[in-house]
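A.B. asks: After the structure tokens below, expect a handful of questions from me.
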Amino acid sequence: MRTRTLLTCGVLAVILAGTFALSPAAGPDPLAARIGRDCKVQFRRDYLGASCPTPVAYSTDVVNGSVLSLVGELTGVDESWVRIRTLRRETTEARANIRRDEFWIPRDAILLIQFDVQ
């Protein structure tokens, strides 16, 4: 009985040690320091259905009519999402309006985020 208990405790210790060793290191998100800055988010082409057999530069904004990037202000980040606020000008016959939209983008869908160097 004692051997079984020791064996069970040993197996649990190995499982827990492996779990913590494989977990990503906890720490501050490097994007959090850039909240409030303007950026360009390039989307993964496969998430948009715009993947193609020929190479496409990472900075390409449109492929076959599909928009591959979004420009705006980084307004928030967490472990699963990145939030971007964009400004859009809508012009009607009566007047021009500036509209703000906020996009929640899953991190898995992001190829890269580009910031201007300050």
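Note on naming: chains are A, B, ... as they come in the structure tokens, residues start from 1 per chain, ligands start from 1 in the order shown.
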With a distance cut-off of 12 Å and only C-alpha atoms, select the neighbouring residues of Phe43 of chain A, excluding the residue or stretch itself and same-chain residues fewer than 6 positions from it, and output the selection as a PDB file with N, CA and C atoms, in the first residue's frame.
C.D. replies:
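Output saved as around.pdb:
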```
ATOM      1  N   GLY A  49      -8.943  33.833 -45.622  1.00  0.00           N
ATOM      2  CA  GLY A  49      -9.223  33.140 -46.874  1.00  0.00           C
ATOM      3  C   GLY A  49      -8.450  33.739 -48.028  1.00  0.00           C
ATOM      4  N   ALA A  50      -7.380  34.474 -47.736  1.00  0.00           N
ATOM      5  CA  ALA A  50      -6.616  35.141 -48.779  1.00  0.00           C
ATOM      6  C   ALA A  50      -5.245  34.504 -48.982  1.00  0.00           C
ATOM      7  N   SER A  51      -5.068  33.287 -48.458  1.00  0.00           N
ATOM      8  CA  SER A  51      -3.778  32.633 -48.691  1.00  0.00           C
ATOM      9  C   SER A  51      -3.693  32.247 -50.157  1.00  0.00           C
ATOM     10  N   TYR A  58       4.858  40.567 -46.345  1.00  0.00           N
ATOM     11  CA  TYR A  58       4.149  40.740 -45.071  1.00  0.00           C
ATOM     12  C   TYR A  58       3.472  42.093 -44.970  1.00  0.00           C
ATOM     13  N   SER A  59       3.964  43.092 -45.698  1.00  0.00           N
ATOM     14  CA  SER A  59       3.409  44.440 -45.590  1.00  0.00           C
ATOM     15  C   SER A  59       2.332  44.736 -46.632  1.00  0.00           C
ATOM     16  N   THR A  60       1.946  43.746 -47.429  1.00  0.00           N
ATOM     17  CA  THR A  60       0.907  43.938 -48.434  1.00  0.00           C
ATOM     18  C   THR A  60      -0.424  44.195 -47.746  1.00  0.00           C
ATOM     19  N   ASP A  61      -1.153  45.220 -48.203  1.00  0.00           N
ATOM     20  CA  ASP A  61      -2.419  45.586 -47.563  1.00  0.00           C
ATOM     21  C   ASP A  61      -3.644  44.965 -48.208  1.00  0.00           C
ATOM     22  N   VAL A  62      -3.562  44.617 -49.502  1.00  0.00           N
ATOM     23  CA  VAL A  62      -4.714  44.061 -50.210  1.00  0.00           C
ATOM     24  C   VAL A  62      -4.232  42.949 -51.143  1.00  0.00           C
ATOM     25  N   VAL A  63      -4.953  41.805 -51.126  1.00  0.00           N
ATOM     26  CA  VAL A  63      -4.694  40.713 -52.063  1.00  0.00           C
ATOM     27  C   VAL A  63      -6.031  40.278 -52.638  1.00  0.00           C
ATOM     28  N   SER A  66      -9.104  41.489 -50.987  1.00  0.00           N
ATOM     29  CA  SER A  66      -9.239  41.256 -49.545  1.00  0.00           C
ATOM     30  C   SER A  66      -8.308  42.187 -48.780  1.00  0.00           C
ATOM     31  N   VAL A  67      -8.870  42.934 -47.842  1.00  0.00           N
ATOM     32  CA  VAL A  67      -8.068  43.833 -47.011  1.00  0.00           C
ATOM     33  C   VAL A  67      -7.339  42.992 -45.968  1.00  0.00           C
ATOM     34  N   LEU A  68      -6.029  43.187 -45.861  1.00  0.00           N
ATOM     35  CA  LEU A  68      -5.196  42.365 -44.993  1.00  0.00           C
ATOM     36  C   LEU A  68      -4.674  43.096 -43.766  1.00  0.00           C
ATOM     37  N   SER A  69      -5.036  44.372 -43.612  1.00  0.00           N
ATOM     38  CA  SER A  69      -4.512  45.136 -42.480  1.00  0.00           C
ATOM     39  C   SER A  69      -5.559  46.116 -41.960  1.00  0.00           C
ATOM     40  N   LEU A  70      -5.295  46.616 -40.763  1.00  0.00           N
ATOM     41  CA  LEU A  70      -6.161  47.593 -40.126  1.00  0.00           C
ATOM     42  C   LEU A  70      -5.265  48.600 -39.428  1.00  0.00           C
ATOM     43  N   VAL A  71      -5.523  49.876 -39.636  1.00  0.00           N
ATOM     44  CA  VAL A  71      -4.718  50.942 -39.036  1.00  0.00           C
ATOM     45  C   VAL A  71      -5.562  51.663 -38.002  1.00  0.00           C
ATOM     46  N   VAL A  82      -6.646  41.708 -29.039  1.00  0.00           N
ATOM     47  CA  VAL A  82      -6.030  43.026 -29.213  1.00  0.00           C
ATOM     48  C   VAL A  82      -7.143  43.951 -29.697  1.00  0.00           C
ATOM     49  N   ILE A 105      -9.664  41.979 -32.054  1.00  0.00           N
ATOM     50  CA  ILE A 105      -9.012  41.057 -32.976  1.00  0.00           C
ATOM     51  C   ILE A 105      -8.401  39.906 -32.183  1.00  0.00           C
ATOM     52  N   PRO A 106      -8.758  38.663 -32.525  1.00  0.00           N
ATOM     53  CA  PRO A 106      -8.126  37.534 -31.823  1.00  0.00           C
ATOM     54  C   PRO A 106      -6.631  37.486 -32.143  1.00  0.00           C
ATOM     55  N   ARG A 107      -5.816  37.266 -31.129  1.00  0.00           N
ATOM     56  CA  ARG A 107      -4.363  37.234 -31.335  1.00  0.00           C
ATOM     57  C   ARG A 107      -3.957  36.172 -32.351  1.00  0.00           C
ATOM     58  N   ASP A 108      -4.676  35.068 -32.412  1.00  0.00           N
ATOM     59  CA  ASP A 108      -4.344  34.004 -33.359  1.00  0.00           C
ATOM     60  C   ASP A 108      -4.449  34.473 -34.808  1.00  0.00           C
ATOM     61  N   ALA A 109      -5.247  35.508 -35.066  1.00  0.00           N
ATOM     62  CA  ALA A 109      -5.465  35.992 -36.427  1.00  0.00           C
ATOM     63  C   ALA A 109      -4.444  37.043 -36.856  1.00  0.00           C
ATOM     64  N   ILE A 110      -3.514  37.400 -35.974  1.00  0.00           N
ATOM     65  CA  ILE A 110      -2.568  38.483 -36.253  1.00  0.00           C
ATOM     66  C   ILE A 110      -1.242  37.925 -36.755  1.00  0.00           C
ATOM     67  N   LEU A 111      -0.794  38.449 -37.897  1.00  0.00           N
ATOM     68  CA  LEU A 111       0.519  38.105 -38.433  1.00  0.00           C
ATOM     69  C   LEU A 111       1.582  38.963 -37.749  1.00  0.00           C
ATOM     70  N   LEU A 112       1.343  40.280 -37.695  1.00  0.00           N
ATOM     71  CA  LEU A 112       2.277  41.186 -37.023  1.00  0.00           C
ATOM     72  C   LEU A 112       1.569  42.494 -36.696  1.00  0.00           C
ATOM     73  N   ILE A 113       2.165  43.244 -35.780  1.00  0.00           N
ATOM     74  CA  ILE A 113       1.683  44.585 -35.439  1.00  0.00           C
ATOM     75  C   ILE A 113       2.851  45.534 -35.642  1.00  0.00           C
ATOM     76  N   GLN A 114       2.631  46.564 -36.461  1.00  0.00           N
ATOM     77  CA  GLN A 114       3.683  47.508 -36.819  1.00  0.00           C
ATOM     78  C   GLN A 114       3.439  48.840 -36.110  1.00  0.00           C
TER      79      GLN A 114
END
```
A.B. asks: Which polymer residues have any atom within 10 Å of an atom of Asp116 of chain A, counting only C-alpha atoms, with same-chain residues fewer than 4 positions away left out, as a list in words?
C.D. replies: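 Near neighbours after the sequence-gap exclusion: Arg37, Asp38, Cys39 and Lys40 of chain A.
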A.B. asks: Interatomic distance between atom CA of Gln118 of chain A and atom CA of Arg85 of chain A?
C.D. replies: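 About the pair atom CA of Gln118 of chain A and atom CA of Arg85 of chain A: they are 20.1 Å apart.
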A.B. asks: What's the separation between atom CA of Gly72 of chain A and atom CA of Arg44 of chain A, in Å to one decimal place?
C.D. replies: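 It comes out at 17.5 Å.
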A.B. asks: In terms of the shortest atom-to-atom distance over only C-alpha atoms, which of A:Pro30, A:Arg88, A:Arg45, A:Arg83 is closest to Ala57 of chain A?
C.D. replies: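 Among A:Pro30, A:Arg88, A:Arg45, A:Arg83, it is A:Arg45 that comes nearest to Ala57 of chain A.
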A.B. asks: Which is closest to Ile84 of chain A among A:Arg99, A:Trp104, A:Asp46, A:Arg34, if we use only C-alpha atoms?
C.D. replies: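 Selected residue with least distance to Ile84 of chain A: A:Trp104.
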